[in-house]
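**Q** Structure file work.cif (mmCIF, C-alpha atoms) right here:
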data_work
loop_
_atom_site.label_atom_id
_atom_site.label_comp_id
_atom_site.auth_asym_id
_atom_site.auth_seq_id
_atom_site.Cartn_x
_atom_site.Cartn_y
_atom_site.Cartn_z
CA MET A 1 -13.19 26.04 -15.14
CA ILE A 2 -10.59 24.64 -17.58
CA PHE A 3 -12.94 25.42 -20.50
CA SER A 4 -13.59 29.03 -19.45
CA LYS A 5 -9.89 29.75 -18.86
CA GLY A 6 -8.99 28.31 -22.23
CA LEU A 7 -11.69 30.32 -24.02
CA ALA A 8 -10.61 33.52 -22.29
CA GLN A 9 -7.02 32.93 -23.33
CA ILE A 10 -8.07 32.36 -26.92
CA SER A 11 -10.17 35.54 -26.86
CA ARG A 12 -7.21 37.57 -25.59
CA ASN A 13 -4.84 36.13 -28.16
CA ARG A 14 -7.09 36.08 -31.23
CA PHE A 15 -6.82 39.76 -32.10
CA SER A 16 -3.08 39.92 -31.50
CA ARG A 17 -2.57 36.89 -33.72
CA CYS A 18 -4.67 38.54 -36.44
CA ARG A 19 -2.57 41.71 -36.19
CA TRP A 20 0.62 39.68 -36.38
CA LEU A 21 -0.69 37.87 -39.44
CA PHE A 22 -1.49 41.04 -41.31
CA SER A 23 1.62 42.88 -40.17
CA LEU A 24 3.58 40.47 -42.34
CA ARG A 25 1.56 41.36 -45.45
CA PRO A 26 2.75 44.05 -47.89
CA ILE A 27 0.40 47.07 -48.04
CA PRO A 28 -1.50 46.86 -51.31
CA GLN A 29 -0.84 49.59 -53.88
CA LEU A 30 -4.09 51.52 -54.35
CA HIS A 31 -3.12 53.01 -57.69
CA GLN A 32 -2.88 49.50 -59.15
CA SER A 33 -6.41 48.60 -58.18
CA ASN A 34 -9.45 50.28 -56.81
CA HIS A 35 -10.13 47.27 -54.58
CA ILE A 36 -8.41 46.16 -51.44
CA HIS A 37 -7.58 42.44 -51.59
CA ASP A 38 -10.41 41.25 -49.31
CA PRO A 39 -10.18 37.55 -50.07
CA PRO A 40 -6.80 37.16 -48.38
CA LYS A 41 -8.20 38.98 -45.33
CA VAL A 42 -11.18 36.62 -45.22
CA LEU A 43 -8.84 33.67 -45.65
CA GLY A 44 -6.81 34.89 -42.66
CA CYS A 45 -9.95 35.04 -40.52
CA ARG A 46 -10.83 31.56 -41.65
CA VAL A 47 -7.39 30.41 -40.51
CA ILE A 48 -7.98 32.11 -37.16
CA HIS A 49 -11.40 30.47 -36.94
CA SER A 50 -9.78 27.12 -37.62
CA TRP A 51 -7.27 27.78 -34.86
CA VAL A 52 -10.07 28.59 -32.42
CA SER A 53 -12.07 25.50 -33.39
CA ASN A 54 -9.06 23.25 -33.02
CA ALA A 55 -8.17 24.85 -29.68
CA LEU A 56 -11.71 24.40 -28.38
CA SER A 57 -11.68 20.80 -29.53
CA GLY A 58 -8.35 20.24 -27.78
CA ILE A 59 -9.68 21.79 -24.58
CA GLY A 60 -12.72 19.55 -24.74
CA GLN A 61 -10.51 16.50 -25.09
CA GLN A 62 -8.33 17.73 -22.21
CA ILE A 63 -11.41 18.16 -20.00
CA HIS A 64 -12.58 14.67 -20.90
CA GLN A 65 -9.17 13.15 -20.23
CA GLN A 66 -8.79 14.94 -16.90
CA SER A 67 -12.33 13.98 -15.87
CA THR A 68 -11.58 10.38 -16.77
CA ALA A 69 -8.30 10.50 -14.83
CA VAL A 70 -10.10 11.88 -11.75
CA ALA A 71 -12.74 9.18 -12.03
CA GLU A 72 -10.03 6.51 -12.32
CA GLU A 73 -8.25 7.79 -9.23
CA GLN A 74 -11.35 7.58 -7.06
CA VAL A 75 -11.22 3.87 -6.26
CA ASP A 76 -12.02 2.51 -2.82
CA PRO A 77 -9.98 -0.70 -2.46
CA PHE A 78 -12.14 -2.10 0.33
CA SER A 79 -15.42 -1.48 -1.51
CA LEU A 80 -14.18 -3.33 -4.59
CA VAL A 81 -13.89 -6.60 -2.68
CA ALA A 82 -16.46 -5.98 0.07
CA ASP A 83 -18.86 -8.75 -0.95
CA GLU A 84 -16.10 -11.29 -1.45
CA LEU A 85 -14.47 -10.23 1.80
CA SER A 86 -17.74 -10.82 3.62
CA LEU A 87 -17.89 -14.41 2.33
CA LEU A 88 -14.26 -14.92 3.26
CA THR A 89 -14.85 -13.57 6.78
CA ASN A 90 -17.75 -15.99 7.32
CA ARG A 91 -15.60 -18.89 6.12
CA LEU A 92 -12.83 -17.85 8.50
CA ARG A 93 -15.24 -17.96 11.43
CA SER A 94 -16.24 -21.50 10.51
CA MET A 95 -12.59 -22.56 10.04
CA VAL A 96 -11.53 -21.57 13.56
CA VAL A 97 -14.27 -23.48 15.38
CA ALA A 98 -12.80 -25.83 17.98
CA GLU A 99 -14.32 -28.72 19.91
CA VAL A 100 -13.16 -27.50 23.32
CA PRO A 101 -15.30 -24.49 24.36
CA LYS A 102 -12.46 -22.54 25.97
CA LEU A 103 -10.21 -22.99 22.96
CA ALA A 104 -13.09 -22.13 20.65
CA SER A 105 -13.71 -18.86 22.49
CA ALA A 106 -10.01 -18.01 22.39
CA ALA A 107 -9.52 -18.90 18.71
CA GLU A 108 -12.60 -16.93 17.65
CA TYR A 109 -11.66 -13.90 19.75
CA PHE A 110 -10.44 -11.68 16.90
CA PHE A 111 -12.76 -13.15 14.28
CA LYS A 112 -15.95 -12.03 16.00
CA LEU A 113 -18.11 -9.36 14.39
CA GLY A 114 -16.86 -5.88 15.28
CA VAL A 115 -13.29 -6.80 16.22
CA GLU A 116 -12.15 -8.50 13.03
CA GLY A 117 -10.31 -5.37 11.89
CA LYS A 118 -10.28 -4.04 8.33
CA ARG A 119 -8.95 -7.29 6.89
CA PHE A 120 -6.19 -5.33 5.18
CA ARG A 121 -4.16 -8.36 4.08
CA PRO A 122 -7.07 -10.33 2.56
CA THR A 123 -8.10 -7.16 0.73
CA VAL A 124 -4.63 -6.81 -0.80
CA LEU A 125 -4.62 -10.46 -1.87
CA LEU A 126 -8.08 -10.41 -3.44
CA LEU A 127 -7.16 -7.28 -5.38
CA MET A 128 -3.86 -8.86 -6.45
CA ALA A 129 -5.73 -11.93 -7.72
CA THR A 130 -7.84 -9.72 -10.01
CA ALA A 131 -4.88 -7.52 -10.97
CA LEU A 132 -3.08 -10.65 -12.24
CA ASN A 133 -6.08 -12.00 -14.12
CA VAL A 134 -4.40 -11.59 -17.52
CA GLN A 135 -3.60 -13.85 -20.44
CA ILE A 136 -0.42 -15.77 -19.71
CA PRO A 137 2.04 -15.94 -22.65
CA ARG A 138 2.61 -19.49 -23.91
CA SER A 139 6.36 -18.99 -23.75
CA ALA A 140 6.15 -18.56 -19.98
CA PRO A 141 6.75 -21.66 -17.82
CA GLN A 142 3.37 -23.23 -17.25
CA VAL A 143 2.14 -24.46 -13.91
CA ASP A 144 -0.43 -27.23 -13.89
CA VAL A 145 -3.50 -25.13 -13.18
CA ASP A 146 -5.80 -26.59 -15.82
CA SER A 147 -7.38 -29.04 -13.42
CA PHE A 148 -8.05 -26.17 -11.04
CA SER A 149 -9.12 -23.56 -13.61
CA GLY A 150 -12.72 -23.65 -12.47
CA ASP A 151 -11.90 -22.87 -8.86
CA LEU A 152 -8.72 -20.77 -9.17
CA ARG A 153 -10.43 -17.86 -7.44
CA THR A 154 -11.49 -20.12 -4.56
CA ARG A 155 -7.91 -21.29 -4.17
CA GLN A 156 -6.67 -17.70 -4.17
CA GLN A 157 -9.29 -16.86 -1.56
CA CYS A 158 -7.86 -19.70 0.48
CA ILE A 159 -4.47 -17.94 0.43
CA ALA A 160 -6.18 -14.84 1.84
CA GLU A 161 -7.78 -16.92 4.61
CA ILE A 162 -4.49 -18.64 5.46
CA THR A 163 -2.69 -15.29 5.55
CA GLU A 164 -5.24 -13.83 7.95
CA MET A 165 -5.03 -16.82 10.29
CA ILE A 166 -1.23 -16.62 10.35
CA HIS A 167 -1.45 -12.88 10.99
CA VAL A 168 -3.90 -13.20 13.89
CA ALA A 169 -1.86 -16.06 15.39
CA SER A 170 1.22 -13.80 15.32
CA LEU A 171 -0.73 -11.04 17.08
CA LEU A 172 -1.79 -13.42 19.87
CA HIS A 173 1.80 -14.57 20.39
CA ASP A 174 3.19 -11.02 20.17
CA ASP A 175 0.78 -9.78 22.83
CA VAL A 176 1.98 -12.49 25.20
CA LEU A 177 5.63 -11.62 24.56
CA ASP A 178 4.95 -7.89 24.94
CA ASP A 179 2.64 -8.35 27.93
CA ALA A 180 0.09 -6.21 26.06
CA ASP A 181 -3.30 -5.50 27.60
CA THR A 182 -5.17 -4.06 24.60
CA ARG A 183 -5.57 -4.98 20.94
CA ARG A 184 -7.99 -3.53 18.37
CA GLY A 185 -9.54 -1.34 21.03
CA ILE A 186 -10.45 -4.19 23.39
CA GLY A 187 -8.63 -6.24 25.99
CA SER A 188 -5.96 -8.46 24.47
CA LEU A 189 -6.63 -12.20 24.65
CA ASN A 190 -3.75 -12.82 27.04
CA PHE A 191 -5.11 -10.09 29.32
CA VAL A 192 -8.64 -11.51 29.24
CA MET A 193 -7.98 -15.28 29.22
CA GLY A 194 -4.35 -15.61 30.27
CA ASN A 195 -1.05 -16.23 28.52
CA LYS A 196 -1.35 -20.01 28.24
CA LEU A 197 -4.68 -19.96 26.45
CA ALA A 198 -3.53 -17.12 24.19
CA VAL A 199 -0.47 -19.12 23.12
CA LEU A 200 -2.56 -22.25 22.53
CA ALA A 201 -5.11 -20.24 20.52
CA GLY A 202 -2.29 -18.92 18.32
CA ASP A 203 -0.96 -22.46 17.83
CA PHE A 204 -4.46 -23.66 16.95
CA LEU A 205 -4.85 -20.97 14.27
CA LEU A 206 -1.48 -21.92 12.79
CA SER A 207 -2.54 -25.57 12.65
CA ARG A 208 -5.78 -24.61 10.87
CA ALA A 209 -3.75 -22.54 8.41
CA CYS A 210 -1.52 -25.56 7.74
CA VAL A 211 -4.51 -27.78 6.99
CA ALA A 212 -5.89 -25.22 4.55
CA LEU A 213 -2.45 -24.81 2.98
CA ALA A 214 -2.07 -28.56 2.45
CA SER A 215 -5.43 -28.64 0.64
CA LEU A 216 -3.96 -26.47 -2.13
CA LYS A 217 -1.59 -29.30 -3.14
CA ASN A 218 1.01 -26.84 -4.41
CA THR A 219 4.47 -27.53 -3.02
CA GLU A 220 5.95 -24.15 -3.93
CA VAL A 221 3.11 -22.26 -2.24
CA VAL A 222 3.40 -24.49 0.84
CA CYS A 223 7.13 -23.71 1.03
CA LEU A 224 6.48 -19.97 0.69
CA LEU A 225 4.02 -19.76 3.55
CA ALA A 226 5.98 -22.17 5.73
CA THR A 227 8.91 -19.78 5.27
CA VAL A 228 6.67 -16.93 6.45
CA VAL A 229 6.11 -18.69 9.79
CA GLU A 230 9.87 -19.22 10.09
CA HIS A 231 10.40 -15.50 9.39
CA LEU A 232 7.89 -14.49 12.05
CA VAL A 233 9.78 -16.52 14.64
CA THR A 234 13.16 -15.27 13.39
CA GLY A 235 12.04 -11.62 13.47
CA GLU A 236 10.66 -11.91 16.98
CA THR A 237 13.87 -13.59 18.17
CA MET A 238 15.95 -10.83 16.53
CA GLN A 239 13.91 -8.28 18.47
CA MET A 240 14.35 -10.08 21.78
CA THR A 241 18.06 -10.91 21.58
CA THR A 242 19.76 -7.89 20.01
CA SER A 243 23.26 -6.74 20.86
CA SER A 244 23.95 -3.05 21.45
CA ASP A 245 25.27 -2.55 17.91
CA GLU A 246 22.33 -4.42 16.35
CA ARG A 247 19.79 -2.32 18.22
CA CYS A 248 21.35 0.82 16.76
CA SER A 249 21.62 -0.51 13.20
CA MET A 250 19.09 0.63 10.58
CA GLU A 251 20.00 -2.35 8.39
CA TYR A 252 19.27 -4.77 11.25
CA TYR A 253 16.00 -2.96 11.99
CA MET A 254 14.85 -3.20 8.35
CA GLN A 255 15.70 -6.91 8.15
CA LYS A 256 13.79 -7.57 11.35
CA THR A 257 10.87 -5.51 10.02
CA TYR A 258 10.78 -7.56 6.84
CA TYR A 259 10.67 -10.80 8.83
CA LYS A 260 8.03 -9.62 11.30
CA THR A 261 5.72 -7.70 8.95
CA ALA A 262 6.55 -7.67 5.25
CA SER A 263 7.36 -11.34 4.67
CA LEU A 264 3.76 -12.45 5.20
CA ILE A 265 2.17 -10.07 2.70
CA SER A 266 4.99 -10.35 0.13
CA ASN A 267 5.08 -14.14 0.03
CA SER A 268 1.28 -14.32 0.04
CA CYS A 269 1.15 -11.99 -2.99
CA LYS A 270 3.69 -14.22 -4.70
CA ALA A 271 1.58 -17.27 -3.86
CA ILE A 272 -1.41 -15.63 -5.57
CA ALA A 273 0.67 -15.25 -8.73
CA LEU A 274 2.04 -18.78 -8.60
CA LEU A 275 -1.40 -20.34 -8.22
CA ALA A 276 -2.46 -18.53 -11.40
CA GLY A 277 0.53 -19.98 -13.27
CA HIS A 278 2.40 -16.73 -13.82
CA SER A 279 6.06 -16.49 -14.77
CA ALA A 280 8.86 -15.92 -12.30
CA GLU A 281 9.08 -12.27 -13.42
CA VAL A 282 5.42 -11.55 -12.66
CA SER A 283 5.62 -13.46 -9.38
CA VAL A 284 8.59 -11.33 -8.32
CA LEU A 285 6.63 -8.14 -9.12
CA ALA A 286 3.78 -9.37 -6.90
CA PHE A 287 6.34 -10.17 -4.20
CA ASP A 288 7.97 -6.73 -4.53
CA TYR A 289 4.60 -5.00 -4.18
CA GLY A 290 3.82 -6.89 -0.97
CA LYS A 291 7.30 -6.43 0.46
CA ASN A 292 7.40 -2.66 -0.05
CA LEU A 293 3.80 -2.19 1.04
CA GLY A 294 4.54 -4.14 4.21
CA LEU A 295 7.68 -2.14 4.97
CA ALA A 296 5.84 1.16 4.39
CA PHE A 297 3.03 -0.04 6.65
CA GLN A 298 5.38 -0.88 9.51
CA LEU A 299 7.37 2.36 9.16
CA ILE A 300 4.17 4.36 9.54
CA ASP A 301 3.19 2.11 12.44
CA ASP A 302 6.45 3.08 14.12
CA VAL A 303 5.69 6.76 13.54
CA LEU A 304 2.18 6.39 14.95
CA ASP A 305 3.57 4.75 18.08
CA PHE A 306 5.01 8.18 18.87
CA THR A 307 2.38 10.49 17.35
CA GLY A 308 -0.87 8.53 17.83
CA THR A 309 -3.02 7.99 20.88
CA SER A 310 -4.19 4.78 22.50
CA ALA A 311 -7.74 5.52 21.36
CA THR A 312 -6.84 5.86 17.67
CA LEU A 313 -4.33 3.00 17.61
CA GLY A 314 -6.42 0.45 19.49
CA LYS A 315 -3.36 -0.30 21.62
CA GLY A 316 -1.08 1.62 23.94
CA SER A 317 0.95 4.45 22.41
CA LEU A 318 4.72 4.57 23.05
CA SER A 319 4.51 0.80 23.52
CA ASP A 320 7.70 0.08 21.55
CA ILE A 321 10.03 2.43 23.38
CA ARG A 322 8.58 1.49 26.76
CA HIS A 323 9.46 -2.12 25.94
CA GLY A 324 12.96 -1.07 24.91
CA ILE A 325 12.30 -1.60 21.18
CA VAL A 326 14.26 0.90 19.07
CA THR A 327 12.52 1.80 15.80
CA ALA A 328 13.27 4.01 12.79
CA PRO A 329 12.33 7.41 14.32
CA ILE A 330 14.75 6.90 17.22
CA LEU A 331 17.46 5.49 14.93
CA TYR A 332 17.25 8.57 12.71
CA ALA A 333 17.19 10.88 15.75
CA MET A 334 20.32 9.12 17.00
CA GLU A 335 22.16 10.14 13.83
CA GLU A 336 21.52 13.80 14.70
CA PHE A 337 22.04 13.39 18.44
CA PRO A 338 24.67 10.69 19.10
CA GLN A 339 24.17 11.12 22.85
CA LEU A 340 20.90 9.22 22.40
CA ARG A 341 23.03 6.08 22.04
CA THR A 342 23.80 6.22 25.75
CA LEU A 343 20.08 6.16 26.56
CA VAL A 344 19.45 3.30 24.15
CA ASP A 345 22.25 1.26 25.74
CA ARG A 346 20.92 2.08 29.19
CA GLY A 347 17.40 0.98 28.27
CA PHE A 348 14.04 2.60 28.83
CA ASP A 349 12.88 0.95 32.04
CA ASP A 350 13.20 4.33 33.72
CA PRO A 351 10.40 6.68 32.54
CA VAL A 352 12.87 9.58 32.78
CA ASN A 353 14.93 8.02 29.99
CA VAL A 354 11.80 7.73 27.85
CA GLU A 355 11.08 11.43 28.32
CA ILE A 356 14.64 12.42 27.45
CA ALA A 357 14.54 10.26 24.31
CA LEU A 358 11.23 11.83 23.28
CA ASP A 359 12.74 15.28 23.77
CA TYR A 360 15.61 14.42 21.42
CA LEU A 361 13.16 12.92 18.95
CA GLY A 362 11.11 16.11 18.95
CA LYS A 363 14.19 18.18 18.11
CA SER A 364 15.25 15.85 15.33
CA ARG A 365 13.94 14.94 11.87
CA GLY A 366 13.40 11.35 12.97
CA ILE A 367 9.66 11.32 12.36
CA GLN A 368 9.98 13.16 9.06
CA ARG A 369 12.74 10.91 7.74
CA THR A 370 10.79 7.79 8.71
CA ARG A 371 7.80 9.08 6.76
CA GLU A 372 10.09 9.81 3.80
CA LEU A 373 11.39 6.24 3.90
CA ALA A 374 7.82 4.95 4.03
CA ARG A 375 6.95 7.06 0.98
CA LYS A 376 9.95 5.61 -0.85
CA HIS A 377 8.76 2.05 -0.25
CA ALA A 378 5.19 2.99 -1.16
CA SER A 379 6.52 4.37 -4.44
CA LEU A 380 8.42 1.12 -5.10
CA ALA A 381 5.22 -0.83 -4.46
CA SER A 382 3.34 1.33 -6.98
CA ALA A 383 6.13 0.86 -9.52
CA ALA A 384 5.78 -2.92 -9.21
CA ILE A 385 2.08 -2.67 -10.11
CA ASP A 386 2.87 -0.39 -13.06
CA SER A 387 5.32 -3.01 -14.34
CA LEU A 388 2.76 -5.83 -14.50
CA PRO A 389 1.82 -7.14 -17.96
CA GLU A 390 -0.50 -4.77 -19.80
CA SER A 391 -4.22 -5.44 -19.83
CA ASP A 392 -7.25 -3.70 -21.34
CA ASP A 393 -9.64 -5.43 -18.96
CA GLU A 394 -11.47 -2.83 -16.85
CA GLU A 395 -11.61 -5.00 -13.73
CA VAL A 396 -7.90 -5.69 -13.92
CA GLN A 397 -7.12 -2.00 -14.35
CA ARG A 398 -9.47 -1.04 -11.52
CA SER A 399 -7.86 -3.53 -9.16
CA ARG A 400 -4.40 -2.26 -10.06
CA ARG A 401 -5.47 1.31 -9.34
CA ALA A 402 -6.88 0.09 -6.03
CA LEU A 403 -3.55 -1.52 -5.13
CA VAL A 404 -1.78 1.76 -5.89
CA GLU A 405 -4.41 3.60 -3.84
CA LEU A 406 -3.60 1.34 -0.90
CA THR A 407 0.01 2.52 -1.00
CA HIS A 408 -1.24 6.10 -0.55
CA ARG A 409 -3.58 5.12 2.27
CA VAL A 410 -0.85 3.25 4.10
CA ILE A 411 1.44 6.30 4.27
CA THR A 412 -1.34 8.77 5.15
CA ARG A 413 -3.18 6.71 7.76
CA THR A 414 -3.58 7.95 11.31
CA LYS A 415 -4.40 4.63 12.98
#
Could you rewrite the structure in this file as structure tokens?

**A**
Amino acid sequence: MIFSKGLAQISRNRFSRCRWLFSLRPIPQLHQSNHIHDPPKVLGCRVIHSWVSNALSGIGQQIHQQSTAVAEEQVDPFSLVADELSLLTNRLRSMVVAEVPKLASAAEYFFKLGVEGKRFRPTVLLLMATALNVQIPRSAPQVDVDSFSGDLRTRQQCIAEITEMIHVASLLHDDVLDDADTRRGIGSLNFVMGNKLAVLAGDFLLSRACVALASLKNTEVVCLLATVVEHLVTGETMQMTTSSDERCSMEYYMQKTYYKTASLISNSCKAIALLAGHSAEVSVLAFDYGKNLGLAFQLIDDVLDFTGTSATLGKGSLSDIRHGIVTAPILYAMEEFPQLRTLVDRGFDDPVNVEIALDYLGKSRGIQRTRELARKHASLASAAIDSLPESDDEEVQRSRRALVELTHRVITRTK
């Protein structure tokens, strides 16, 4: 299509260019010579022919470049690490085996085939490990990774496993606190086996994560992921014990969101960089990618709580507002309709208040502005990847494109 349009344009312009060329020539005097000066005319046509050839060559290069760009864009992040993810999933199942049958059943609940989820976080971390597989400048501060050079990838896989165990443990505890009855399209563990066993299963997963973390023998990485657990507890406490002003504060909401969602993926990405011996600058870029990806993910999650259905989400829709949790869409709607503040202060125990709040939300730009904020953070995540040290390695480039692709998928997902 590009080729045919370009050729048609050249065909339309060729004659007019020729006319313009010759309109600048003086008309030869016939009485001075019996011959018209043909050579200059032929030379002009040759010039035109050269223009056409160069244009066609340029179009060919443009087609090739655009085809290459399209091919580069079509990267499936999950397919790139599918085989490695399968090995990691099997290792996770073996890591959460417990001696007590009841505890074993509880701990394995969300690691069983079919309910393990997409493994979004391990996918991000495996891609980040490849994206950072570049030559480290000698001037950069060196971490003692020589003794581990042969199994660096295994150690980075361990970070992915630890991250997933911490994540699932947080889900088990959250479901108890929220009195949830569904998770990933099935009954939540607390609903099926009771709150006590669900809490103990979460504690067990955290203990397994700690054992795996200690095996890495890297103090800085241990501190990072220990901080993540602290953030999870802090974020949940912030959600449970808010004052009226805090509940209506976007700044407070974003800080809580970082603690509850983005801290895990951001610090895990940073851990991947640190294990590879990267500089502080590169480690911060990895952190920034994870932080902004995590924030974008949660913002869209908050949108889907209003626009999705229980079937697509794998959990109840409108769960946040029914539990009195005020998220970005309502906060933005409140800026347009201050009277919403009265409802927020009153709480949403009464279903009538929920309906009134939803009515205000529908009249506002709350959903749209939340999506815009998610896109902003997705863009910041992409910018962090673009700022990583340059590399000509195809696998590194492919993984970086996949990480950027994930930012697009996060903000366009419907479940």

**Q** Taking the file above as input, evaluate the PyMOL selection byres ((chain A and resi 289) around 9) and report the hits as a PyMOL selection string.

**A** chain A and resi 265-266+269+284-288+290-294+378+380-385+403

**Q** Which of these residues is nearest to A:Ser170, using all atoms listed in the file: A:Leu206, A:Ile411, A:Leu132, A:Ile186?

**A**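 Result for the nearest residue to A:Ser170: A:Leu206.
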
**Q** Hey, what's within 8 Å of A:Leu275 if we count only C-alpha atoms and toss same-chain stuff fewer than 2 positions away? As a list in words, please?

**A**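 Within the cut-off, the hits are Val143, Val145, Leu152, Arg155, Gln156, Asn218, Val221, Ala271, Ile272, Ala273, Gly277 and His278 of chain A.
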
**Q** Can you list what the PyMOL selection byres ((chain A and resi 178) around 12) grabs from this structure, as number ranges by chain?

**A** A: 170-177, 179-183, 188, 190-191, 195, 236, 239-240, 315-316, 319-325

**Q** For atom CA of A:Ser391 and atom CA of A:Asp83, quote the distance in Å rounded to one decimal.

**A** 24.1 Å

**Q** Just give me the residues with any atom within 8 Å of (-10.5, -1.4, -6.5), file coordinates, counting all atoms listed in the file, written as a VMD selection string.

**A** chain A and resid 75 to 81 127 398 to 403

**Q** Store the residues picked out above in a file with C-alpha atoms, as a short mmCIF file (atom, residue, chain, number, x, y, z; two decimals), in the coordinates of the input.

**A**
data_model
loop_
_atom_site.label_atom_id
_atom_site.label_comp_id
_atom_site.auth_asym_id
_atom_site.auth_seq_id
_atom_site.Cartn_x
_atom_site.Cartn_y
_atom_site.Cartn_z
CA VAL A 75 -11.22 3.87 -6.26
CA ASP A 76 -12.02 2.51 -2.82
CA PRO A 77 -9.98 -0.70 -2.46
CA PHE A 78 -12.14 -2.10 0.33
CA SER A 79 -15.42 -1.48 -1.51
CA LEU A 80 -14.18 -3.33 -4.59
CA VAL A 81 -13.89 -6.60 -2.68
CA LEU A 127 -7.16 -7.28 -5.38
CA ARG A 398 -9.47 -1.04 -11.52
CA SER A 399 -7.86 -3.53 -9.16
CA ARG A 400 -4.40 -2.26 -10.06
CA ARG A 401 -5.47 1.31 -9.34
CA ALA A 402 -6.88 0.09 -6.03
CA LEU A 403 -3.55 -1.52 -5.13
#

**Q** Using all atoms listed in the file, which of A:Met165, A:Val134, A:Leu343, A:Leu388 sits nearest A:Ser244?

**A**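 Ranking A:Met165, A:Val134, A:Leu343, A:Leu388 by distance to A:Ser244, first place goes to A:Leu343.
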
**Q** Would you mind reading off the distance between atom CA of A:Ala280 and atom CA of A:Ile136, one decimal, in Å?

**A**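 Interatomic distance here is 11.9 Å.
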
**Q** Kindly give the distance, in Å, that separates atom CA of A:Thr261 and atom CA of A:Ala296, rounded to a single decimal.

**A**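 According to the coordinates, atom CA of A:Thr261 and atom CA of A:Ala296 are separated by 10.0 Å.
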
**Q** Running the PyMOL selection byres ((chain A and resi 161) around 9) on this model by hand, what would come out? Give it as a PyMOL selection string.

**A** chain A and resi 88-89+91-92+122+156-160+162-166+209+212

**Q** Tell me, as a list in words, which residues lie within 12 Å of A:Lys256, counting all atoms listed in the file; anything in the same chain fewer than 4 positions away does not count.

**A**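 Listed by chain and then number, they are His231, Leu232, Val233, Thr234, Gly235, Glu236, Thr237, Met238, Gln239, Met240, Thr241, Thr242, Glu246, Arg247, Ser249, Met250, Glu251, Tyr252, Lys260, Thr261, Ala262, Ser263, Leu295, Gln298, Ile325, Val326, Thr327 and Ala328 of chain A.
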
**Q** Take the residues from that selection and put them in a file with C-alpha atoms, as an mmCIF file, in the frame of the given file.

**A**
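selection_23.cif, written as the output of this step:
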data_model
loop_
_atom_site.group_PDB
_atom_site.id
_atom_site.type_symbol
_atom_site.label_atom_id
_atom_site.label_comp_id
_atom_site.auth_asym_id
_atom_site.auth_seq_id
_atom_site.Cartn_x
_atom_site.Cartn_y
_atom_site.Cartn_z
ATOM 1 C CA HIS A 231 10.400 -15.500 9.390
ATOM 2 C CA LEU A 232 7.890 -14.490 12.050
ATOM 3 C CA VAL A 233 9.780 -16.520 14.640
ATOM 4 C CA THR A 234 13.160 -15.270 13.390
ATOM 5 C CA GLY A 235 12.040 -11.620 13.470
ATOM 6 C CA GLU A 236 10.660 -11.910 16.980
ATOM 7 C CA THR A 237 13.870 -13.590 18.170
ATOM 8 C CA MET A 238 15.950 -10.830 16.530
ATOM 9 C CA GLN A 239 13.910 -8.280 18.470
ATOM 10 C CA MET A 240 14.350 -10.080 21.780
ATOM 11 C CA THR A 241 18.060 -10.910 21.580
ATOM 12 C CA THR A 242 19.760 -7.890 20.010
ATOM 13 C CA GLU A 246 22.330 -4.420 16.350
ATOM 14 C CA ARG A 247 19.790 -2.320 18.220
ATOM 15 C CA SER A 249 21.620 -0.510 13.200
ATOM 16 C CA MET A 250 19.090 0.630 10.580
ATOM 17 C CA GLU A 251 20.000 -2.350 8.390
ATOM 18 C CA TYR A 252 19.270 -4.770 11.250
ATOM 19 C CA LYS A 260 8.030 -9.620 11.300
ATOM 20 C CA THR A 261 5.720 -7.700 8.950
ATOM 21 C CA ALA A 262 6.550 -7.670 5.250
ATOM 22 C CA SER A 263 7.360 -11.340 4.670
ATOM 23 C CA LEU A 295 7.680 -2.140 4.970
ATOM 24 C CA GLN A 298 5.380 -0.880 9.510
ATOM 25 C CA ILE A 325 12.300 -1.600 21.180
ATOM 26 C CA VAL A 326 14.260 0.900 19.070
ATOM 27 C CA THR A 327 12.520 1.800 15.800
ATOM 28 C CA ALA A 328 13.270 4.010 12.790
#

**Q** May I ask which of the residues A:Ile367, A:Leu197, A:Leu264, A:Val192 is the closest one to A:Thr227, counting all atoms listed in the file?

**A**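 Ranking A:Ile367, A:Leu197, A:Leu264, A:Val192 by distance to A:Thr227, first place goes to A:Leu264.
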
**Q** Let me make sure I understand: among A:Pro329, A:Leu87, A:Thr130, A:Arg341, which one has the smallest atom-to-atom distance to A:Arg153 if we use all atoms listed in the file?

**A** A:Thr130

**Q** Between A:Phe337, A:Phe348, A:Phe111, A:Tyr332, single out the one closest to A:Arg369, counting all atoms listed in the file.

**A** A:Tyr332

**Q** Go through A:Leu103, A:Leu406, A:Leu205, A:Met334 one by one, measure the shortest atom-to-atom distance of each to A:Ser364 using all atoms listed in the file, and give the residue with the smallest value.

**A**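 Going through A:Leu103, A:Leu406, A:Leu205, A:Met334 one by one, the smallest distance to A:Ser364 is for A:Met334.
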
**Q** Around the point (-5.3, -20.4, 17.8) (coordinates from the file), which residues reach within 9 Å if we count all atoms listed in the file? Answer as a ChimeraX atom specification.

**A** /A:96,103-104,106-108,165,168-169,172,197-208
